[in-house]
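Engineer: What follows is a structure written as structure tokens; I'll ask about it next.
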Amino acid sequence: MKIRPITPEDSDAVATLVNASYSGFDPEFRMVGRRVQTGERIHAAIVQRGERGVVAESDDGGQLLGVSLWRPYGDPVKASHLHLLFVHPDQNRKGLGGELISRHWEQSKADWPEVGIFTLNVLKGSYWALPFYAKQGYRVYQEGDEGSVPHLSTYFRGPHPPGRQPPEPYFILHYQPAGDVPQKTA
């Protein structure tokens, strides 16, 4: 397996991976709070909104095994929001999700030296994801945390993509101060 920077040409394969990851779930769960991903939406995230990311692919390049896509917040950038993290079901519990998060942290710190916090949203019904993110060091946002956690308010102030507002009721916001990320990324 190799991990490389995401490109706009990966858009359709990323959308296919994201949608396939929900294929075994109740259609109502899949659609609550999220739209079906399309290559066009992924492409726009990369090209128009300047999102960054990495993909993991099989050694022969024939199969996408995982994706991590993130966006900056603030000027200068103080928050890096993990927009997508998906791993092919065959790769679950093999460390790929953790590796993709580490790449997010490392690249964000390299690209935006003043980044102070990492955020992500999890669909409320994604019970399997909550312990995973806790293991990575993320905390669940509680109302008022933005007043005591440096840089967290940067995420709430945007800029958010056109037509989108910060965390909607179907998401649980998680955060991790940059100083708390594991030392392996230093």
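Chain labels A, B, ... are given in the sequence in which chains occur in the structure tokens; within each chain residues are numbered consecutively from 1, and ligands are likewise numbered from 1 in the order shown.
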Per residue of stretch 49-122 of chain A within 6 Å of stretch 173-178 of chain A, which atom pair is closest and at what distance in Å (one decimal), using only C-alpha atoms, listed by chain and increasing number, as CSV?
Structural biologist:
residue,atom,partner,partner_atom,distance
A:Gly116,CA,A:Ala178,CA,4.9
A:Ile117,CA,A:Pro177,CA,4.2
A:Phe118,CA,A:Gln176,CA,5.2
A:Thr119,CA,A:Tyr175,CA,4.3
A:Leu120,CA,A:His174,CA,5.3
A:Asn121,CA,A:Leu173,CA,4.6
Engineer: Just to be explicit: take each residue in the selection above, keep N, CA and C atoms, and write the result as a short mmCIF file (atom, residue, chain, number, x, y, z; two decimals), in the first residue's frame.
Structural biologist:
data_model
loop_
_atom_site.label_atom_id
_atom_site.label_comp_id
_atom_site.auth_asym_id
_atom_site.auth_seq_id
_atom_site.Cartn_x
_atom_site.Cartn_y
_atom_site.Cartn_z
N GLY A 116 -3.57 25.47 15.48
CA GLY A 116 -3.63 25.24 16.91
C GLY A 116 -4.63 24.18 17.33
N ILE A 117 -5.50 23.77 16.38
CA ILE A 117 -6.51 22.78 16.75
C ILE A 117 -6.95 21.99 15.52
N PHE A 118 -7.30 20.75 15.76
CA PHE A 118 -7.83 19.87 14.73
C PHE A 118 -9.27 19.55 15.10
N THR A 119 -10.18 19.65 14.12
CA THR A 119 -11.58 19.36 14.38
C THR A 119 -12.10 18.34 13.37
N LEU A 120 -13.21 17.72 13.71
CA LEU A 120 -13.91 16.82 12.80
C LEU A 120 -15.34 16.66 13.30
N ASN A 121 -16.24 16.27 12.40
CA ASN A 121 -17.62 16.00 12.75
C ASN A 121 -17.91 14.53 12.51
#
Engineer: Write out as a PyMOL selection string the residues lying within 12 Å of A:Ser108, counting only C-alpha atoms and excluding same-chain residues fewer than 4 positions away.
Structural biologist: chain A and resi 51-54+68-73+77-82+101-104+112-119+178+181+185-186
